[in-house]
$ cat upload-v4.csv   # CSV, C-alpha atoms and all ligand atoms
chain,number,residue,atom,x,y,z
A,1,MET,CA,64.8,190.2,148.2
A,2,ARG,CA,66.6,187.0,147.2
A,3,ILE,CA,70.0,186.0,148.6
A,4,ILE,CA,72.1,183.5,146.8
A,5,ARG,CA,74.8,182.1,149.0
A,6,THR,CA,77.9,180.8,147.3
A,7,GLU,CA,81.0,178.9,148.6
A,8,ASP,CA,83.5,181.3,147.2
A,9,TYR,CA,84.2,184.2,144.8
A,10,ASP,CA,84.4,181.9,141.7
A,11,GLU,CA,80.9,180.5,142.3
A,12,LEU,CA,79.6,184.0,143.0
A,13,SER,CA,81.0,185.2,139.7
A,14,LEU,CA,79.4,182.3,137.8
A,15,ARG,CA,76.0,182.7,139.4
A,16,ALA,CA,75.9,186.5,139.0
A,17,ALA,CA,77.1,186.2,135.4
A,18,GLU,CA,74.3,183.7,134.7
A,19,ILE,CA,71.7,186.3,135.9
A,20,MET,CA,73.2,189.1,133.8
A,21,ALA,CA,73.5,186.8,130.7
A,22,SER,CA,69.9,185.7,131.1
A,23,VAL,CA,68.7,189.3,130.9
A,24,VAL,CA,70.6,189.8,127.6
A,25,THR,CA,69.4,186.5,126.2
A,26,LEU,CA,65.8,187.3,126.9
A,27,LYS,CA,66.2,190.9,125.7
A,28,PRO,CA,69.1,191.4,123.3
A,29,ASP,CA,68.7,195.2,123.4
A,30,ALA,CA,68.7,195.4,127.2
A,31,LEU,CA,69.8,198.4,129.1
A,32,LEU,CA,72.4,197.2,131.6
A,33,GLY,CA,73.5,199.3,134.6
A,34,LEU,CA,77.1,198.4,135.3
A,35,ALA,CA,79.6,198.8,138.2
A,36,THR,CA,83.3,198.8,138.6
A,37,GLY,CA,85.5,197.8,141.5
A,38,SER,CA,86.9,194.4,142.4
A,39,SER,CA,83.6,192.6,143.1
A,40,PRO,CA,82.3,192.4,139.5
A,41,LEU,CA,85.6,191.5,137.9
A,42,GLY,CA,85.0,187.7,138.0
A,43,LEU,CA,81.5,188.2,136.6
A,44,TYR,CA,82.8,190.2,133.7
A,45,LYS,CA,85.4,187.5,132.9
A,46,VAL,CA,82.6,184.9,132.8
A,47,LEU,CA,80.5,187.1,130.5
A,48,ILE,CA,83.6,187.5,128.2
A,49,GLU,CA,84.0,183.7,128.1
A,50,LYS,CA,80.3,183.3,127.3
A,51,TYR,CA,80.7,185.7,124.4
A,52,ARG,CA,83.8,183.9,123.1
A,53,ARG,CA,82.0,180.6,123.2
A,54,GLY,CA,79.2,182.2,121.1
A,55,GLU,CA,76.6,181.9,123.8
A,56,LEU,CA,76.1,185.6,124.2
A,57,SER,CA,76.1,188.8,122.1
A,58,PHE,CA,76.2,192.4,123.3
A,59,ALA,CA,75.7,193.8,119.8
A,60,LYS,CA,72.4,195.5,120.7
A,61,VAL,CA,73.0,196.2,124.4
A,62,THR,CA,73.3,199.7,125.9
A,63,THR,CA,75.1,200.3,129.2
A,64,VAL,CA,75.1,203.0,131.8
A,65,ASN,CA,77.8,203.0,134.5
A,66,LEU,CA,77.2,204.1,138.1
A,67,ASP,CA,80.0,206.5,138.6
A,68,GLU,CA,83.3,208.1,137.6
A,69,TYR,CA,86.1,210.0,139.4
A,70,VAL,CA,86.1,213.8,138.7
A,71,GLY,CA,89.3,214.7,136.8
A,72,LEU,CA,90.1,211.3,135.3
A,73,GLY,CA,89.8,210.7,131.6
A,74,PRO,CA,89.4,207.5,129.5
A,75,GLU,CA,93.1,207.1,129.1
A,76,ASP,CA,93.8,207.2,132.8
A,77,GLU,CA,94.2,203.7,134.1
A,78,GLN,CA,92.3,204.5,137.3
A,79,SER,CA,89.3,206.0,135.6
A,80,TYR,CA,86.1,203.9,135.5
A,81,ARG,CA,85.8,204.4,131.8
A,82,TYR,CA,89.2,202.8,131.4
A,83,PHE,CA,88.2,200.0,133.7
A,84,MET,CA,85.1,199.2,131.7
A,85,ASP,CA,86.9,199.4,128.4
A,86,HIS,CA,89.6,197.0,129.5
A,87,ASN,CA,87.6,194.6,131.7
A,88,LEU,CA,84.6,194.2,129.5
A,89,PHE,CA,83.9,196.4,126.5
A,90,CYS,CA,87.1,195.7,124.5
A,91,HIS,CA,86.6,192.0,124.8
A,92,VAL,CA,83.0,191.7,123.5
A,93,ASP,CA,81.0,192.8,120.5
A,94,ILE,CA,79.4,195.9,122.2
A,95,ASP,CA,79.1,199.1,120.3
A,96,ARG,CA,81.2,201.5,122.3
A,97,GLU,CA,78.9,204.4,121.3
A,98,ARG,CA,76.2,202.7,123.3
A,99,THR,CA,78.3,202.5,126.5
A,100,HIS,CA,77.9,205.4,128.9
A,101,VAL,CA,80.0,206.5,131.9
A,102,PRO,CA,79.9,210.0,133.5
A,103,ASP,CA,82.5,212.2,131.9
A,104,GLY,CA,85.3,212.7,134.4
A,105,LEU,CA,86.8,215.4,132.2
A,106,ALA,CA,83.5,217.3,131.5
A,107,ALA,CA,84.4,220.9,130.6
A,108,ASP,CA,81.5,222.1,132.7
A,109,GLY,CA,81.7,219.9,135.8
A,110,GLU,CA,78.7,221.7,137.3
A,111,LYS,CA,76.5,220.5,134.5
A,112,GLU,CA,77.8,217.0,134.2
A,113,PRO,CA,75.5,215.4,136.8
A,114,ALA,CA,72.4,216.8,135.2
A,115,ARG,CA,73.6,215.8,131.7
A,116,TYR,CA,74.2,212.2,132.8
A,117,GLU,CA,71.0,212.0,134.7
A,118,ALA,CA,69.0,213.2,131.6
A,119,LEU,CA,70.9,210.7,129.4
A,120,VAL,CA,70.2,207.8,131.7
A,121,ARG,CA,66.5,208.7,131.9
A,122,SER,CA,66.3,209.1,128.1
A,123,LEU,CA,67.4,205.5,127.8
A,124,GLY,CA,64.5,204.2,130.0
A,125,ARG,CA,64.8,202.0,133.1
A,126,GLN,CA,67.8,199.8,133.4
A,127,ASP,CA,66.7,196.2,132.8
A,128,ILE,CA,69.2,195.2,135.5
A,129,GLN,CA,71.5,197.3,137.6
A,130,LEU,CA,74.7,195.7,138.9
A,131,LEU,CA,76.0,196.9,142.3
A,132,GLY,CA,78.9,196.3,144.6
A,133,LEU,CA,78.7,197.2,148.3
A,134,GLY,CA,81.1,199.7,149.9
A,135,VAL,CA,82.6,199.0,153.3
A,136,ASP,CA,80.7,202.1,154.6
A,137,GLY,CA,77.5,200.9,152.9
A,138,HIS,CA,77.8,203.0,149.8
A,139,ILE,CA,76.2,202.1,146.5
A,140,GLY,CA,77.7,203.8,143.5
A,141,PHE,CA,79.4,206.6,145.3
A,142,ASN,CA,76.4,207.5,147.4
A,143,GLU,CA,78.2,207.9,150.7
A,144,PRO,CA,76.6,207.9,154.2
A,145,ASP,CA,74.7,211.1,154.6
A,146,ARG,CA,71.8,212.7,156.4
A,147,VAL,CA,69.6,212.3,153.3
A,148,PHE,CA,69.3,210.1,150.2
A,149,HIS,CA,70.3,211.9,147.1
A,150,GLU,CA,67.9,211.1,144.3
A,151,ASP,CA,69.6,212.1,141.0
A,152,THR,CA,73.2,211.9,139.6
A,153,HIS,CA,75.3,214.3,141.6
A,154,CYS,CA,78.9,215.1,142.5
A,155,VAL,CA,80.2,213.8,145.9
A,156,SER,CA,83.1,214.2,148.1
A,157,LEU,CA,84.4,210.7,148.9
A,158,ASP,CA,84.3,209.4,152.4
A,159,PRO,CA,87.7,208.8,154.1
A,160,SER,CA,86.9,205.1,154.4
A,161,THR,CA,86.3,205.0,150.6
A,162,ILE,CA,89.5,206.7,149.8
A,163,GLU,CA,91.3,204.2,152.1
A,164,ALA,CA,89.5,201.2,150.5
A,165,ASN,CA,90.2,202.5,146.9
A,166,LYS,CA,93.9,203.5,147.4
A,167,ARG,CA,94.9,199.9,146.5
A,168,PHE,CA,94.2,200.9,142.9
A,169,PHE,CA,96.5,204.0,143.1
A,170,ALA,CA,100.1,204.6,143.9
A,171,SER,CA,99.1,206.2,147.2
A,172,ALA,CA,96.0,207.5,149.1
A,173,GLU,CA,97.0,211.1,148.1
A,174,GLU,CA,96.4,210.2,144.4
A,175,VAL,CA,92.8,209.0,144.9
A,176,PRO,CA,90.5,211.7,143.6
A,177,ARG,CA,88.5,213.4,146.3
A,178,LYS,CA,85.4,213.8,144.2
A,179,ALA,CA,83.2,211.6,141.9
A,180,TYR,CA,80.1,211.8,139.9
A,181,THR,CA,77.6,209.1,140.8
A,182,MET,CA,74.1,208.0,139.9
A,183,GLY,CA,71.8,209.0,142.8
A,184,VAL,CA,69.9,206.5,144.9
A,185,GLY,CA,66.8,207.3,142.8
A,186,THR,CA,68.7,206.7,139.5
A,187,ILE,CA,69.6,203.2,140.9
A,188,MET,CA,66.2,202.4,142.3
A,189,ARG,CA,64.5,203.1,139.0
A,190,ALA,CA,66.1,199.9,137.6
A,191,LYS,CA,63.6,197.1,137.0
A,192,ARG,CA,65.9,194.7,138.7
A,193,ILE,CA,69.0,195.0,141.0
A,194,LEU,CA,71.8,192.5,141.3
A,195,MET,CA,74.3,193.1,144.1
A,196,VAL,CA,77.6,191.1,144.4
A,197,VAL,CA,79.3,191.0,147.7
A,198,ASN,CA,82.3,188.9,148.7
A,199,GLY,CA,84.8,188.6,151.5
A,200,GLU,CA,84.7,188.9,155.3
A,201,ALA,CA,85.5,192.6,155.2
A,202,LYS,CA,81.9,193.2,153.9
A,203,ALA,CA,80.2,190.9,156.4
A,204,GLU,CA,79.4,193.6,159.0
A,205,VAL,CA,78.0,196.1,156.6
A,206,LEU,CA,76.0,193.5,154.7
A,207,SER,CA,74.4,192.3,157.9
A,208,ALA,CA,73.6,196.0,158.9
A,209,MET,CA,72.2,196.7,155.4
A,210,LEU,CA,69.8,193.7,155.7
A,211,LYS,CA,68.9,193.9,159.4
A,212,GLY,CA,69.3,197.5,160.5
A,213,PRO,CA,67.2,200.5,159.9
A,214,ILE,CA,66.7,201.9,156.3
A,215,ASP,CA,68.9,204.9,156.8
A,216,PRO,CA,70.8,207.3,154.5
A,217,MET,CA,73.8,206.7,156.9
A,218,LEU,CA,73.9,203.2,155.3
A,219,PRO,CA,72.8,204.0,151.7
A,220,ALA,CA,72.5,200.4,150.5
A,221,SER,CA,69.8,199.8,153.1
A,222,ILE,CA,67.3,201.5,150.7
A,223,LEU,CA,67.5,198.5,148.4
A,224,ARG,CA,65.1,196.8,150.9
A,225,LEU,CA,62.4,199.0,149.4
A,226,HIS,CA,63.0,197.7,145.9
A,227,ARG,CA,60.8,194.9,144.6
A,228,ASP,CA,63.3,192.9,142.7
A,229,VAL,CA,66.7,192.7,144.3
A,230,THR,CA,69.1,189.7,144.2
A,231,ILE,CA,72.2,189.6,146.3
A,232,VAL,CA,74.8,187.1,145.3
A,233,ALA,CA,77.2,186.8,148.3
A,234,ASP,CA,79.9,184.3,149.3
A,235,LYS,CA,79.7,182.6,152.7
A,236,ALA,CA,82.4,184.9,154.1
A,237,ALA,CA,80.3,188.0,153.3
A,238,LEU,CA,77.3,186.3,154.8
A,239,SER,CA,79.1,185.2,158.0
A,240,LYS,CA,77.5,187.8,160.2
A,241,LEU,CA,74.0,187.0,159.3
B,1,LIG,C1,81.9,201.0,141.6
B,1,LIG,C2,81.1,201.5,142.7
B,1,LIG,C3,81.3,201.2,144.1
B,1,LIG,C4,81.8,199.8,144.4
B,1,LIG,C5,82.1,199.6,145.9
B,1,LIG,C6,82.6,198.2,146.2
B,1,LIG,O1,81.4,201.4,140.4
B,1,LIG,O2,80.2,202.2,142.4
B,1,LIG,O3,80.2,201.4,144.8
B,1,LIG,O4,80.8,198.9,143.9
B,1,LIG,O5,83.0,200.5,146.3
B,1,LIG,O6,83.9,198.1,145.6
B,1,LIG,P1,84.7,196.7,145.5
B,1,LIG,O7,83.9,195.9,144.6
B,1,LIG,O8,86.0,197.1,144.9
B,1,LIG,O9,84.8,196.2,146.9

$ encode --input "upload-v4.csv" --output "structure tokens"
Amino acid sequence: MRIIRTEDYDELSLRAAEIMASVVTLKPDALLGLATGSSPLGLYKVLIEKYRRGELSFAKVTTVNLDEYVGLGPEDEQSYRYFMDHNLFCHVDIDRERTHVPDGLAADGEKEPARYEALVRSLGRQDIQLLGLGVDGHIGFNEPDRVFHEDTHCVSLDPSTIEANKRFFASAEEVPRKAYTMGVGTIMRAKRILMVVNGEAKAEVLSAMLKGPIDPMLPASILRLHRDVTIVADKAALSKL
């Protein structure tokens, strides 16, 4: 595991974007695993700038996103599909048909996890999977649990996740209670993992993830078993290590 320490969020975004961009430069038809949330926003901005300067093309790239809220569609500003369209896809030359997010409006919600898992597998292993870190140690929406869930599945969100994500909604009541998420196995199949972590609020959980036991109660701890993980974190997030 490599840890890249940065002074602040801007430097974190630059360093992480350079890693993502190098994957696409070396393999223009790369399969990118993407994440939403506040952590990767700066990184996506840098990727858009690189595209505008003609340094990077997404024309042949395929993407798979980690997760989506159950019940939210692409037009809903809080959906992760909307987030990806507006924070990255609409600004670069990617073919939207090759961008994949679980379908929050799937007619048969019971079958959606298996459909998405099969789709991701059919595309091969992610050349790189981008992750943020939840305050409770979640990756994707794999919440603390007694076991690690391997494949894409439907989860009930942890109260701390609802609390953390309510900033994007009018109130906590409006945060959906359920989400589809890639499983820990879906994530760990990636050839390479890039995690971005910023801010003091993540310092405790980042330290526990790196130093504590590998435990499904802290899902991100499983990343220690992956052979190619890079964590780009600012000094505030690394302050408890
Ligand atoms: C987002 C996701 C989540 C976030 C995590 C951190 O697609 O799967 O695991 O990465 O909740 O969120 P932020 O970056 O908003 O702190």

$ residues_around --input "upload-v4.csv" --residues "range 138-148 of chain A" --least-positions-apart "4" --cutoff "10 Å" --atoms "all atoms listed in the file" --output "MDAnalysis selection string"
chainID A and resid 34:36 65:69 130:134 152:158 160:161 178:185 187 195 205 215:223

$ closest_residue --input "upload-v4.csv" --among "A:His149, A:Arg81, A:Arg224, A:Lys111" --to "ligand LIG 1 (chain B)" --atoms "only C-alpha atoms and all ligand atoms"
A:Arg81

$ atom_distance --input "upload-v4.csv" --atom1 "CA of Thr63 in chain A" --atom2 "CA of Glu110 in chain A"
23.2 Å

$ residues_around --input "upload-v4.csv" --residues "Leu88 in chain A" --least-positions-apart "5" --cutoff "9 Å" --atoms "only C-alpha atoms" --output "list of chain:residue names"
A:Leu41, A:Tyr44, A:Lys45, A:Leu47, A:Ile48, A:Phe83

$ atom_distance --input "upload-v4.csv" --atom1 "CA of Leu43 in chain A" --atom2 "CA of Phe89 in chain A"
13.2 Å

$ closest_residue --input "upload-v4.csv" --among "A:Ala17, A:Leu56, A:Ala172, A:Val64" --to "ligand LIG 1 (chain B)" --atoms "only C-alpha atoms and all ligand atoms"
A:Val64

$ residues_around --input "upload-v4.csv" --residues "Glu55 in chain A" --least-positions-apart "4" --cutoff "12 Å" --atoms "all atoms listed in the file" --output "list in words"
Glu18, Ala21, Ser22, Val24, Thr25, Val46, Leu47, Ile48, Glu49, Lys50, Tyr51 and Val92 of chain A

$ write_last_selection --input "upload-v4.csv" --atoms "C-alpha atoms" --output "mmCIF file, keeping the file's coordinate frame"
data_model
loop_
_atom_site.group_PDB
_atom_site.id
_atom_site.type_symbol
_atom_site.label_atom_id
_atom_site.label_comp_id
_atom_site.auth_asym_id
_atom_site.auth_seq_id
_atom_site.Cartn_x
_atom_site.Cartn_y
_atom_site.Cartn_z
ATOM 1 C CA GLU A 18 74.300 183.700 134.700
ATOM 2 C CA ALA A 21 73.500 186.800 130.700
ATOM 3 C CA SER A 22 69.900 185.700 131.100
ATOM 4 C CA VAL A 24 70.600 189.800 127.600
ATOM 5 C CA THR A 25 69.400 186.500 126.200
ATOM 6 C CA VAL A 46 82.600 184.900 132.800
ATOM 7 C CA LEU A 47 80.500 187.100 130.500
ATOM 8 C CA ILE A 48 83.600 187.500 128.200
ATOM 9 C CA GLU A 49 84.000 183.700 128.100
ATOM 10 C CA LYS A 50 80.300 183.300 127.300
ATOM 11 C CA TYR A 51 80.700 185.700 124.400
ATOM 12 C CA VAL A 92 83.000 191.700 123.500
#

$ closest_residue --input "upload-v4.csv" --among "A:Val175, A:Ile94, A:Met20, A:Ala118" --to "Gly71 in chain A" --atoms "all atoms listed in the file"
A:Val175

$ closest_residue --input "upload-v4.csv" --among "A:Ala107, A:Ala236, A:Val70, A:Val135" --to "Arg177 in chain A" --atoms "all atoms listed in the file"
A:Val70

$ closest_residue --input "upload-v4.csv" --among "A:Met1, A:Ala170, A:Ile214, A:Met84" --to "ligand LIG 1 (chain B)" --atoms "all atoms listed in the file"
A:Met84

$ residues_around --input "upload-v4.csv" --residues "Asp8 in chain A" --least-positions-apart "3" --cutoff "10 Å" --atoms "all atoms listed in the file" --output "list in words"
Arg5, Glu11, Leu12, Ser13, Asn198, Gly199, Ala233, Asp234, Lys235, Ala236 and Ala237 of chain A
